[in-house]
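File shown: start-v9.csv. Contents: CSV, C-alpha atoms.
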```csv
chain,number,residue,atom,x,y,z
A,1305,MET,CA,40.3,92.7,55.4
A,1306,ASP,CA,41.7,96.1,54.8
A,1307,LYS,CA,41.3,96.6,51.1
A,1308,GLY,CA,43.1,99.9,51.1
A,1309,ARG,CA,46.3,97.9,51.9
A,1310,PHE,CA,46.2,96.3,48.4
A,1311,ALA,CA,45.1,99.4,46.5
A,1312,VAL,CA,47.0,100.1,43.3
A,1313,PRO,CA,47.8,103.7,42.3
A,1314,ALA,CA,45.8,104.9,39.3
A,1315,GLY,CA,48.8,105.6,37.2
A,1316,VAL,CA,50.4,102.2,37.7
A,1317,THR,CA,47.8,100.0,36.0
A,1318,PRO,CA,48.1,101.5,32.4
A,1319,TRP,CA,51.9,101.2,32.5
A,1320,ALA,CA,51.8,97.7,33.9
A,1321,THR,CA,49.4,96.7,31.1
A,1322,ALA,CA,51.6,98.4,28.5
A,1323,LEU,CA,54.8,96.8,29.6
A,1324,GLY,CA,53.2,93.4,29.9
A,1325,VAL,CA,51.6,93.5,26.4
A,1326,ALA,CA,54.9,94.9,24.9
A,1327,ALA,CA,56.9,92.0,26.4
A,1328,LEU,CA,54.2,89.4,25.3
A,1329,MET,CA,54.2,90.7,21.7
A,1330,LEU,CA,57.9,90.9,21.4
A,1331,GLY,CA,58.4,87.4,22.8
A,1332,THR,CA,55.6,86.0,20.6
A,1333,GLY,CA,57.0,87.7,17.5
A,1334,LEU,CA,60.6,86.6,18.0
A,1335,SER,CA,59.6,83.1,18.8
A,1336,GLY,CA,57.7,82.6,15.6
A,1337,PRO,CA,58.7,83.2,11.9
A,1338,HIS,CA,60.3,86.6,11.6
A,1339,PRO,CA,62.8,88.3,9.2
A,1340,SER,CA,66.3,89.2,10.1
A,1341,GLY,CA,68.4,92.3,9.5
A,1342,GLY,CA,66.7,95.7,9.2
A,1343,LEU,CA,63.2,94.4,8.8
A,1344,GLY,CA,63.6,92.3,12.0
A,1345,VAL,CA,64.7,95.3,14.0
A,1346,LEU,CA,61.9,97.4,12.5
A,1347,GLY,CA,59.3,94.8,13.3
A,1348,SER,CA,60.6,94.4,16.8
A,1349,VAL,CA,60.4,98.2,17.4
A,1350,LEU,CA,56.8,98.2,16.1
A,1351,LEU,CA,55.8,95.3,18.4
A,1352,VAL,CA,57.2,97.1,21.4
A,1353,ALA,CA,55.8,100.5,20.4
A,1354,GLY,CA,52.3,99.1,19.9
A,1355,GLY,CA,52.4,97.7,23.4
A,1356,LEU,CA,53.9,100.8,25.1
A,1357,ALA,CA,51.2,103.0,23.4
A,1358,LEU,CA,48.7,101.3,25.7
A,1359,ALA,CA,50.0,103.4,28.6
A,1360,ALA,CA,47.7,106.2,27.3
A,1361,TYR,CA,44.6,104.2,26.4
A,1362,ARG,CA,42.6,105.9,29.2
A,1363,ARG,CA,43.6,109.4,28.3
A,1364,ALA,CA,43.5,109.1,24.5
A,1365,PRO,CA,41.7,105.9,23.6
A,1366,LEU,CA,41.2,106.8,19.9
A,1367,GLY,CA,44.8,107.9,19.5
A,1368,VAL,CA,46.0,104.6,21.0
A,1369,LEU,CA,43.6,102.7,18.7
A,1370,ALA,CA,45.2,104.4,15.6
A,1371,VAL,CA,48.8,103.9,16.8
A,1372,THR,CA,48.3,100.2,17.6
A,1373,GLY,CA,46.5,99.6,14.2
A,1374,VAL,CA,49.4,101.2,12.3
A,1375,CYS,CA,51.9,99.1,14.3
A,1376,ALA,CA,49.9,95.9,13.5
A,1377,VAL,CA,50.1,96.7,9.7
A,1378,GLY,CA,53.8,97.5,10.0
A,1379,CYS,CA,54.6,94.3,11.7
A,1380,LEU,CA,52.7,92.3,9.1
A,1381,ALA,CA,54.5,94.1,6.3
A,1382,ALA,CA,57.8,93.5,8.0
A,1383,GLY,CA,57.1,89.7,8.0
A,1384,PHE,CA,56.2,89.1,11.6
A,1385,ASP,CA,53.5,86.5,12.3
A,1386,ALA,CA,52.0,87.6,15.7
A,1387,LEU,CA,48.6,88.3,17.1
A,1388,ALA,CA,48.0,92.1,17.4
A,1389,VAL,CA,47.3,91.9,21.2
A,1390,SER,CA,47.9,95.6,21.6
A,1391,TYR,CA,45.2,96.5,19.1
A,1392,LEU,CA,42.7,94.2,20.9
A,1393,VAL,CA,43.4,96.0,24.2
A,1394,ALA,CA,43.0,99.3,22.5
A,1395,VAL,CA,39.6,98.2,21.1
A,1396,TYR,CA,38.6,97.3,24.6
A,1397,GLY,CA,39.6,100.7,26.0
A,1398,ALA,CA,38.0,102.7,23.2
A,1399,VAL,CA,34.6,100.8,23.5
A,1400,ARG,CA,34.7,101.2,27.3
A,1401,ALA,CA,35.2,104.9,26.8
A,1402,GLY,CA,32.0,105.0,24.6
A,1403,HIS,CA,33.6,105.2,21.1
A,1404,ARG,CA,31.7,102.2,19.7
A,1405,LYS,CA,30.9,103.4,16.2
A,1406,ILE,CA,34.4,104.8,15.5
A,1407,THR,CA,36.0,101.6,16.9
A,1408,LEU,CA,33.8,99.4,14.7
A,1409,VAL,CA,34.6,101.5,11.5
A,1410,VAL,CA,38.4,101.5,12.3
A,1411,SER,CA,38.4,97.8,13.0
A,1412,VAL,CA,36.6,96.9,9.7
A,1413,ALA,CA,39.1,99.1,7.8
A,1414,LEU,CA,42.0,97.6,9.6
A,1415,VAL,CA,40.9,94.0,8.7
A,1416,ALA,CA,40.7,95.1,5.0
A,1417,VAL,CA,44.1,96.8,5.1
A,1418,LEU,CA,45.8,93.8,6.8
A,1419,HIS,CA,44.5,91.5,4.0
A,1420,LEU,CA,45.8,93.9,1.3
A,1421,THR,CA,49.1,94.2,3.1
A,1422,ALA,CA,49.5,90.4,3.3
A,1423,LEU,CA,48.8,90.1,-0.4
A,1424,VAL,CA,51.3,92.8,-1.3
A,1425,PHE,CA,54.2,91.8,1.0
A,1426,HIS,CA,53.7,88.0,1.4
A,1427,LYS,CA,55.8,86.0,-1.1
A,1428,GLY,CA,53.7,82.8,-0.9
A,1429,GLY,CA,50.3,82.0,-2.3
A,1430,VAL,CA,47.1,83.9,-1.8
A,1431,GLY,CA,45.8,81.4,0.7
A,1432,GLU,CA,48.8,81.7,2.9
A,1433,ALA,CA,48.8,85.5,2.7
A,1434,LEU,CA,45.1,85.7,3.8
A,1435,ALA,CA,45.8,83.2,6.6
A,1436,GLN,CA,48.7,85.3,7.9
A,1437,ALA,CA,46.4,88.4,7.9
A,1438,ARG,CA,43.7,86.5,9.8
A,1439,HIS,CA,46.3,85.3,12.3
A,1440,THR,CA,47.4,88.9,12.9
A,1441,LEU,CA,43.9,90.0,13.8
A,1442,GLU,CA,41.5,87.1,14.4
A,1443,LEU,CA,37.8,88.1,14.2
A,1444,ALA,CA,36.9,86.0,17.3
A,1445,TRP,CA,39.4,87.9,19.4
A,1446,LEU,CA,38.3,91.2,18.0
A,1447,ILE,CA,34.6,90.5,18.7
A,1448,ALA,CA,35.6,89.3,22.3
A,1449,ALA,CA,37.5,92.6,22.9
A,1450,PHE,CA,34.6,94.7,21.6
A,1451,ALA,CA,32.1,92.8,23.7
A,1452,ALA,CA,34.2,93.0,26.9
A,1453,GLY,CA,34.6,96.8,26.5
A,1454,GLU,CA,30.9,97.2,26.0
A,1455,ALA,CA,30.0,95.0,29.0
A,1456,VAL,CA,32.3,97.0,31.3
A,1457,ARG,CA,30.9,100.3,29.9
A,1458,GLN,CA,27.4,99.2,30.6
A,1459,ALA,CA,28.3,98.0,34.1
A,1460,GLU,CA,30.0,101.3,35.0
A,1461,ARG,CA,27.0,103.2,33.6
A,1462,ARG,CA,24.6,101.2,35.8
A,1463,ALA,CA,26.8,101.7,38.8
A,1464,ASP,CA,26.9,105.5,38.2
A,1465,GLU,CA,23.1,105.6,37.8
A,1466,ALA,CA,22.6,103.5,41.0
A,1467,GLU,CA,24.9,105.9,42.9
A,1468,ARG,CA,23.1,108.9,41.5
A,1469,THR,CA,19.7,107.4,42.5
A,1470,ARG,CA,20.9,106.7,46.0
A,1471,GLU,CA,22.1,110.3,46.4
A,1472,GLU,CA,18.8,111.7,45.1
A,1473,THR,CA,16.8,109.4,47.4
A,1474,ALA,CA,18.9,110.4,50.4
A,1475,ARG,CA,18.5,114.1,49.5
A,1476,ARG,CA,14.8,113.7,49.1
A,1477,ARG,CA,14.5,111.9,52.4
A,1478,ALA,CA,16.5,114.6,54.1
A,1479,ASP,CA,14.3,117.3,52.6
A,1480,GLU,CA,11.2,115.5,53.8
A,1481,GLU,CA,12.6,115.1,57.3
A,1482,ARG,CA,13.5,118.8,57.4
A,1483,LEU,CA,9.9,119.7,56.4
A,1484,ARG,CA,8.5,117.3,59.0
A,1485,ILE,CA,10.6,118.8,61.7
A,1486,ALA,CA,9.6,122.3,60.6
A,1487,ARG,CA,5.9,121.4,60.7
A,1488,GLU,CA,6.3,119.8,64.2
A,1489,LEU,CA,8.2,122.9,65.5
A,1490,HIS,CA,5.6,125.2,64.1
A,1491,ASP,CA,2.7,123.2,65.4
A,1492,SER,CA,4.1,122.6,68.9
A,1493,LEU,CA,6.0,125.8,69.7
A,1494,THR,CA,4.9,128.7,67.6
A,1495,HIS,CA,1.5,129.1,69.2
A,1496,GLN,CA,2.8,128.7,72.8
A,1497,ILE,CA,5.6,131.2,72.2
A,1498,SER,CA,3.3,133.6,70.6
A,1499,VAL,CA,0.9,133.4,73.5
A,1500,VAL,CA,3.7,134.0,76.0
A,1501,LYS,CA,5.0,137.0,74.0
A,1502,VAL,CA,1.6,138.6,73.6
A,1503,GLN,CA,0.6,138.1,77.2
A,1504,SER,CA,3.8,139.6,78.5
A,1505,GLU,CA,3.6,142.6,76.2
A,1506,VAL,CA,0.0,143.1,77.2
A,1507,ALA,CA,0.9,143.0,80.9
A,1508,VAL,CA,3.8,145.4,80.4
A,1509,HIS,CA,1.5,147.8,78.4
A,1510,VAL,CA,-1.2,147.7,81.1
A,1511,ALA,CA,1.3,148.3,83.9
A,1512,ARG,CA,2.7,151.3,82.1
A,1513,ARG,CA,-0.7,152.7,81.4
A,1514,ARG,CA,-1.6,152.5,85.1
A,1515,GLY,CA,1.7,154.1,86.0
A,1516,GLU,CA,2.8,151.1,87.9
A,1517,PRO,CA,6.4,149.9,87.9
A,1518,VAL,CA,7.0,147.0,85.6
A,1519,PRO,CA,8.6,144.0,87.3
A,1520,GLU,CA,12.0,143.0,86.0
A,1521,ALA,CA,10.8,139.4,85.7
A,1522,LEU,CA,8.0,140.5,83.4
A,1523,LEU,CA,10.4,142.5,81.2
A,1524,ALA,CA,12.7,139.5,81.1
A,1525,ILE,CA,9.8,137.3,80.0
A,1526,GLN,CA,8.9,139.8,77.3
A,1527,GLU,CA,12.5,139.9,76.0
A,1528,ALA,CA,12.9,136.1,76.2
A,1529,GLY,CA,9.6,135.7,74.2
A,1530,ARG,CA,10.9,138.0,71.5
A,1531,GLU,CA,14.2,136.2,71.3
A,1532,ALA,CA,12.6,132.8,71.3
A,1533,SER,CA,10.3,134.0,68.5
A,1534,ARG,CA,13.3,135.2,66.4
A,1535,GLU,CA,15.2,132.0,67.0
A,1536,LEU,CA,12.3,129.9,66.1
A,1537,ARG,CA,11.7,131.8,62.9
A,1538,ALA,CA,15.3,131.4,61.9
A,1539,THR,CA,15.2,127.7,62.6
A,1540,LEU,CA,12.0,127.2,60.6
A,1541,GLU,CA,13.4,129.2,57.7
A,1542,ALA,CA,16.6,127.1,57.7
A,1543,LEU,CA,14.7,123.9,57.7
A,1544,ARG,CA,12.3,125.0,55.0
A,1545,ASP,CA,14.8,126.7,52.7
A,1546,ASP,CA,16.3,124.8,49.7
A,1547,ASP,CA,20.0,125.2,49.8
A,1548,THR,CA,20.4,124.3,46.1
A,1549,ALA,CA,19.3,127.8,45.0
A,1550,PRO,CA,19.8,131.3,46.5
A,1551,PRO,CA,16.7,132.5,48.4
A,1552,HIS,CA,14.5,135.2,46.7
A,1553,GLY,CA,13.7,138.4,48.6
A,1554,LEU,CA,12.5,141.9,48.3
A,1555,ASP,CA,15.1,142.7,45.6
A,1556,HIS,CA,13.5,140.1,43.3
A,1557,ILE,CA,10.0,141.4,43.5
A,1558,PRO,CA,10.4,143.9,40.6
A,1559,GLY,CA,11.6,141.1,38.4
A,1560,LEU,CA,8.7,138.9,39.5
A,1561,VAL,CA,6.2,141.6,38.6
A,1562,GLU,CA,7.9,142.1,35.2
A,1563,ARG,CA,7.6,138.4,34.5
A,1564,PHE,CA,3.9,138.4,35.2
A,1565,ARG,CA,3.5,141.5,33.1
A,1566,GLY,CA,5.0,139.6,30.2
A,1567,THR,CA,2.2,137.0,30.5
A,1568,GLY,CA,-0.4,139.6,29.7
A,1569,LEU,CA,-1.5,140.4,33.2
A,1570,GLU,CA,-1.2,144.2,33.7
A,1571,THR,CA,0.8,144.3,36.9
A,1572,THR,CA,2.0,147.4,38.7
A,1573,LEU,CA,4.4,147.7,41.7
A,1574,THR,CA,4.3,150.6,44.2
A,1575,ILE,CA,6.8,151.0,47.0
A,1576,THR,CA,6.0,153.4,49.8
A,1577,GLY,CA,8.0,154.6,52.8
A,1578,GLN,CA,11.8,154.7,53.1
A,1579,PRO,CA,13.3,151.4,52.0
A,1580,HIS,CA,15.6,150.0,54.7
A,1581,PRO,CA,17.2,146.6,55.4
A,1582,VAL,CA,14.8,144.0,56.9
A,1583,PRO,CA,15.5,140.6,58.3
A,1584,ALA,CA,16.2,137.9,55.7
A,1585,ALA,CA,13.1,135.9,56.9
A,1586,VAL,CA,10.9,138.9,56.4
A,1587,SER,CA,12.3,139.6,52.9
A,1588,ARG,CA,11.8,136.0,51.8
A,1589,THR,CA,8.3,135.8,53.2
A,1590,ALA,CA,7.3,139.0,51.4
A,1591,TYR,CA,8.5,137.6,48.1
A,1592,ARG,CA,6.6,134.4,48.6
A,1593,ILE,CA,3.4,136.2,49.4
A,1594,VAL,CA,3.6,138.3,46.2
A,1595,GLN,CA,4.6,135.3,44.2
A,1596,GLU,CA,1.8,133.1,45.4
A,1597,SER,CA,-0.8,135.9,45.1
A,1598,LEU,CA,0.1,136.7,41.5
A,1599,THR,CA,0.2,133.0,40.6
A,1600,ASN,CA,-3.3,132.6,42.0
A,1601,VAL,CA,-4.5,135.7,40.1
A,1602,ALA,CA,-3.0,134.5,36.8
A,1603,ARG,CA,-4.4,130.9,37.2
A,1604,HIS,CA,-7.8,131.3,38.8
A,1605,ALA,CA,-9.1,134.8,39.0
A,1606,ALA,CA,-9.6,135.7,35.3
A,1607,ALA,CA,-8.2,139.1,36.1
A,1608,THR,CA,-6.8,141.7,33.7
A,1609,SER,CA,-4.8,143.7,36.2
A,1610,ALA,CA,-3.1,143.4,39.5
A,1611,SER,CA,-1.3,145.8,41.8
A,1612,VAL,CA,1.5,145.1,44.3
A,1613,LEU,CA,2.2,147.4,47.2
A,1614,VAL,CA,5.2,147.1,49.4
A,1615,GLY,CA,5.2,149.6,52.3
A,1616,TYR,CA,8.2,150.2,54.6
A,1617,ARG,CA,7.3,151.2,58.1
A,1618,PRO,CA,9.7,151.7,61.1
A,1619,ASP,CA,8.8,148.5,62.8
A,1620,ALA,CA,7.0,146.4,60.0
A,1621,LEU,CA,6.8,145.7,56.3
A,1622,ALA,CA,3.4,145.8,54.7
A,1623,VAL,CA,2.6,143.8,51.6
A,1624,ARG,CA,-0.6,144.1,49.6
A,1625,VAL,CA,-1.8,142.4,46.3
A,1626,ASP,CA,-5.1,143.5,44.7
A,1627,ASP,CA,-6.7,142.2,41.5
A,1628,ASP,CA,-9.8,142.9,39.5
A,1629,GLY,CA,-10.8,139.2,39.0
A,1630,LYS,CA,-14.2,137.5,39.5
A,1631,ALA,CA,-14.2,137.3,43.3
A,1632,THR,CA,-17.1,139.1,45.0
A,1633,VAL,CA,-18.0,139.8,48.6
A,1634,GLN,CA,-20.1,136.6,48.7
A,1635,SER,CA,-17.3,134.5,47.1
A,1636,PRO,CA,-15.5,132.0,49.3
A,1637,THR,CA,-11.9,132.5,50.2
A,1638,PRO,CA,-10.0,131.4,47.1
A,1639,GLY,CA,-6.5,130.4,46.4
A,1640,HIS,CA,-3.9,127.7,46.4
A,1641,GLY,CA,-1.1,128.0,48.9
A,1642,LEU,CA,-2.9,130.3,51.3
A,1643,LEU,CA,-2.2,127.9,54.1
A,1644,GLY,CA,1.5,128.1,53.3
A,1645,MET,CA,1.3,131.9,53.4
A,1646,ARG,CA,-0.5,131.9,56.7
A,1647,GLU,CA,2.1,129.6,58.2
A,1648,ARG,CA,5.0,131.8,57.0
A,1649,VAL,CA,3.4,134.9,58.3
A,1650,ALA,CA,2.4,133.3,61.6
A,1651,ALA,CA,6.0,132.0,62.1
A,1652,LEU,CA,7.1,135.7,61.9
A,1653,GLY,CA,4.5,136.9,64.4
A,1654,GLY,CA,2.7,138.9,61.6
A,1655,ARG,CA,-0.9,139.2,60.4
A,1656,LEU,CA,-2.4,138.0,57.1
A,1657,CYS,CA,-5.8,139.0,55.7
A,1658,THR,CA,-7.3,137.6,52.5
A,1659,MET,CA,-10.8,138.8,51.4
A,1660,PRO,CA,-12.9,139.8,48.4
A,1661,ARG,CA,-12.9,143.5,47.5
A,1662,GLN,CA,-16.1,145.5,47.6
A,1663,THR,CA,-15.5,146.6,44.0
A,1664,GLY,CA,-14.8,143.1,42.8
A,1665,GLY,CA,-11.6,141.1,42.8
A,1666,PHE,CA,-9.5,139.9,45.7
A,1667,THR,CA,-7.0,141.3,48.1
A,1668,VAL,CA,-4.2,139.8,50.1
A,1669,GLN,CA,-2.7,141.9,52.9
A,1670,ALA,CA,0.2,141.0,55.2
A,1671,GLU,CA,2.0,142.9,57.9
A,1672,LEU,CA,5.4,141.5,58.9
A,1673,PRO,CA,7.1,142.8,62.0
A,1674,THR,CA,10.8,143.7,61.5
A,1675,ASN,CA,11.6,144.1,65.2
A,1676,GLY,CA,12.9,147.6,64.5
A,1677,ALA,CA,15.6,146.4,62.0
A,1678,SER,CA,17.1,149.2,60.0
```
Entire entry expressed as structure tokens:
Amino acid sequence: MDKGRFAVPAGVTPWATALGVAALMLGTGLSGPHPSGGLGVLGSVLLVAGGLALAAYRRAPLGVLAVTGVCAVGCLAAGFDALAVSYLVAVYGAVRAGHRKITLVVSVALVAVLHLTALVFHKGGVGEALAQARHTLELAWLIAAFAAGEAVRQAERRADEAERTREETARRRADEERLRIARELHDSLTHQISVVKVQSEVAVHVARRRGEPVPEALLAIQEAGREASRELRATLEALRDDDTAPPHGLDHIPGLVERFRGTGLETTLTITGQPHPVPAAVSRTAYRIVQESLTNVARHAAATSASVLVGYRPDALAVRVDDDGKATVQSPTPGHGLLGMRERVAALGGRLCTMPRQTGGFTVQAELPTNGAS
């Protein structure tokens, strides 16, 4: 069945509820004991007004709660003996909107005011006056309206949480799938493309050194290898990047160094060469190398100082991070995340070297080709 065929516009339901309650209250009030003359007209207007106020119970639930409560007191004072249905609906709407405490306080106050109003305006005995007040707002109906609003609120909250959980699960699975694809592409294609690229470049270089003409097919293979390498790097970066936050690059390295300096690690940044634009993938990888290196220094090296060097070259970007920690020449290769750094650098066709320093400490060096970008 096409459910959309029977969909009700959002603005129709409140007005339909308001008109229905207004008609019900007016009919109930006029069918029972009620005064005549000016008080009868006033009471009828209040009955209708209390019902029509429900048209705004979704936009202003507390305002509607107050208006319907005043109308209930006015109708009782005028001499009408009718259940305050409009106030019960207003209680349901206010509790559903999450205003439980305020609704409870207002309802308790209204019950007290109704009893006082009945004692003041009712001409019969005290028992009859209290009975009329209870009939205007019966506690059982009030509790039922409160419970219904709370039940619907809890159901909607659980539905929202379930929907949010489904979205988070779907997003996490999508991220995991992207990382899996990135790993498979890296494992299956990067090495082969790198071999083709290196072999073709070596063949071209050897031919030119010998003074032999370079075959067009070999030049085409060389160019295709470079292009395939660039495309693969771009694909891997797109798969690995998190789209929820802007990627960090070379421009963020000074701020990164400053943050580590604030932790007590004496960190310096040196930039050599003429800065020029580099591919986005190179910029992001350089930032990650500096970030991972400084993190390892702060966590594991027990170092007091570290230096970061970023060198701009015509066809490459050099990154170097040194520290004065506990590593020695005999120390094993330390670090967490070195595998990730190697994968990033390898995907760009660059070189990464990590080793202890002769004077103590550790160094991380990377050379990232920029393919002549400027």
Which of A:Arg1476, A:Arg1470, A:Arg1624, A:Arg1484 sits closest to Cys1657 of chain A [using all atoms listed in the file]
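Distance minimum relative to Cys1657 of chain A lands on A:Arg1624.
The two atoms in question, atom CA of Ala1360 of chain A and atom CA of Leu1441 of chain A, are spaced 21.4 Å apart.
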For segment 1475-1485 of chain A, take all atoms listed in the file, fit an axis-aligned box around them, add 8 Å to each of the six sides, then output centre and edge lengths in Å rounded to one decimal, as lines of an AutoDock Vina configuration file.
```
center_x = 13.5
center_y = 115.8
center_z = 55.4
size_x = 26.0
size_y = 23.8
size_z = 28.6
```
Quote the spacing between atom CA of Phe1450 of chain A and atom CA of Gly1383 of chain A in Å to one decimal place.
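About the pair atom CA of Phe1450 of chain A and atom CA of Gly1383 of chain A: they are 26.8 Å apart.
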Could you tell me how far atom CA of Val1518 of chain A lies from atom CA of Glu1531 of chain A, in Å and to one decimal?
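Atom CA of Glu1531 of chain A lies 19.3 Å from atom CA of Val1518 of chain A.
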Ranking A:Val1510, A:Leu1346, A:Ala1376, A:Ala1398 by minimum distance to Ala1364 of chain A and counting all atoms listed in the file, which one comes first?
A:Ala1398
At a cut-off of 6 Å, using all atoms listed in the file, what residues contact segment 1589-1594 of chain A? Leave out same-chain residues fewer than 3 positions from it and give the result as a compact mmCIF listing (two decimals) with C-alpha atoms, in the frame of the given file.
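The resulting selection-v5.txt:
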```txt
# COMPACT_ATOMS: atom_id res chain seq x y z
CA GLY A 1553 13.70 138.40 48.60
CA LEU A 1554 12.50 141.90 48.30
CA VAL A 1586 10.90 138.90 56.40
CA SER A 1597 -0.80 135.90 45.10
```
Taking all atoms listed in the file into account, which of A:Val1506, A:Leu1366, A:Leu1418, A:Val1374 comes nearest His1403 of chain A?
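Residue with the minimum atom-to-atom distance to His1403 of chain A: A:Leu1366.
In terms of minimum interatomic distance to Leu1350 of chain A, A:Gly1373 ranks closest within A:Gly1373, A:Pro1318, A:Gly1653, A:Pro1579, counting only C-alpha atoms.
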Rank A:Leu1522, A:Ala1388, A:Leu1672, A:Val1393 by their smallest atom-to-atom distance to Leu1621 of chain A, using only C-alpha atoms, and report the top residue only.
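Closest candidate: A:Leu1672.
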Report as a PyMOL selection string all protein, DNA and RNA residues lying within 9 Å of Thr1674 of chain A, evaluated on all atoms listed in the file, omitting residues in the same chain fewer than 5 positions from it.
chain A and resi 1582-1583+1586+1617-1621+1652
Applying 12 Å and only C-alpha atoms, which residues near Asp1626 of chain A remain after dropping the ones on its own chain fewer than 5 positions away? List them as a PDB file with C-alpha atoms, keeping the file's coordinate frame.
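So out_18.pdb came out as:
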```pdb
ATOM      1  CA  GLU A1570      -1.200 144.200  33.700  1.00  0.00           C
ATOM      2  CA  THR A1571       0.800 144.300  36.900  1.00  0.00           C
ATOM      3  CA  THR A1572       2.000 147.400  38.700  1.00  0.00           C
ATOM      4  CA  LEU A1573       4.400 147.700  41.700  1.00  0.00           C
ATOM      5  CA  THR A1574       4.300 150.600  44.200  1.00  0.00           C
ATOM      6  CA  VAL A1594       3.600 138.300  46.200  1.00  0.00           C
ATOM      7  CA  SER A1597      -0.800 135.900  45.100  1.00  0.00           C
ATOM      8  CA  LEU A1598       0.100 136.700  41.500  1.00  0.00           C
ATOM      9  CA  ASN A1600      -3.300 132.600  42.000  1.00  0.00           C
ATOM     10  CA  VAL A1601      -4.500 135.700  40.100  1.00  0.00           C
ATOM     11  CA  ALA A1605      -9.100 134.800  39.000  1.00  0.00           C
ATOM     12  CA  ALA A1607      -8.200 139.100  36.100  1.00  0.00           C
ATOM     13  CA  THR A1608      -6.800 141.700  33.700  1.00  0.00           C
ATOM     14  CA  SER A1609      -4.800 143.700  36.200  1.00  0.00           C
ATOM     15  CA  ALA A1610      -3.100 143.400  39.500  1.00  0.00           C
ATOM     16  CA  SER A1611      -1.300 145.800  41.800  1.00  0.00           C
ATOM     17  CA  VAL A1612       1.500 145.100  44.300  1.00  0.00           C
ATOM     18  CA  LEU A1613       2.200 147.400  47.200  1.00  0.00           C
ATOM     19  CA  VAL A1614       5.200 147.100  49.400  1.00  0.00           C
ATOM     20  CA  ALA A1631     -14.200 137.300  43.300  1.00  0.00           C
ATOM     21  CA  CYS A1657      -5.800 139.000  55.700  1.00  0.00           C
ATOM     22  CA  THR A1658      -7.300 137.600  52.500  1.00  0.00           C
ATOM     23  CA  MET A1659     -10.800 138.800  51.400  1.00  0.00           C
ATOM     24  CA  PRO A1660     -12.900 139.800  48.400  1.00  0.00           C
ATOM     25  CA  ARG A1661     -12.900 143.500  47.500  1.00  0.00           C
ATOM     26  CA  GLN A1662     -16.100 145.500  47.600  1.00  0.00           C
ATOM     27  CA  THR A1663     -15.500 146.600  44.000  1.00  0.00           C
ATOM     28  CA  GLY A1664     -14.800 143.100  42.800  1.00  0.00           C
ATOM     29  CA  GLY A1665     -11.600 141.100  42.800  1.00  0.00           C
ATOM     30  CA  PHE A1666      -9.500 139.900  45.700  1.00  0.00           C
ATOM     31  CA  THR A1667      -7.000 141.300  48.100  1.00  0.00           C
ATOM     32  CA  VAL A1668      -4.200 139.800  50.100  1.00  0.00           C
ATOM     33  CA  GLN A1669      -2.700 141.900  52.900  1.00  0.00           C
TER      34      GLN A1669
END
```
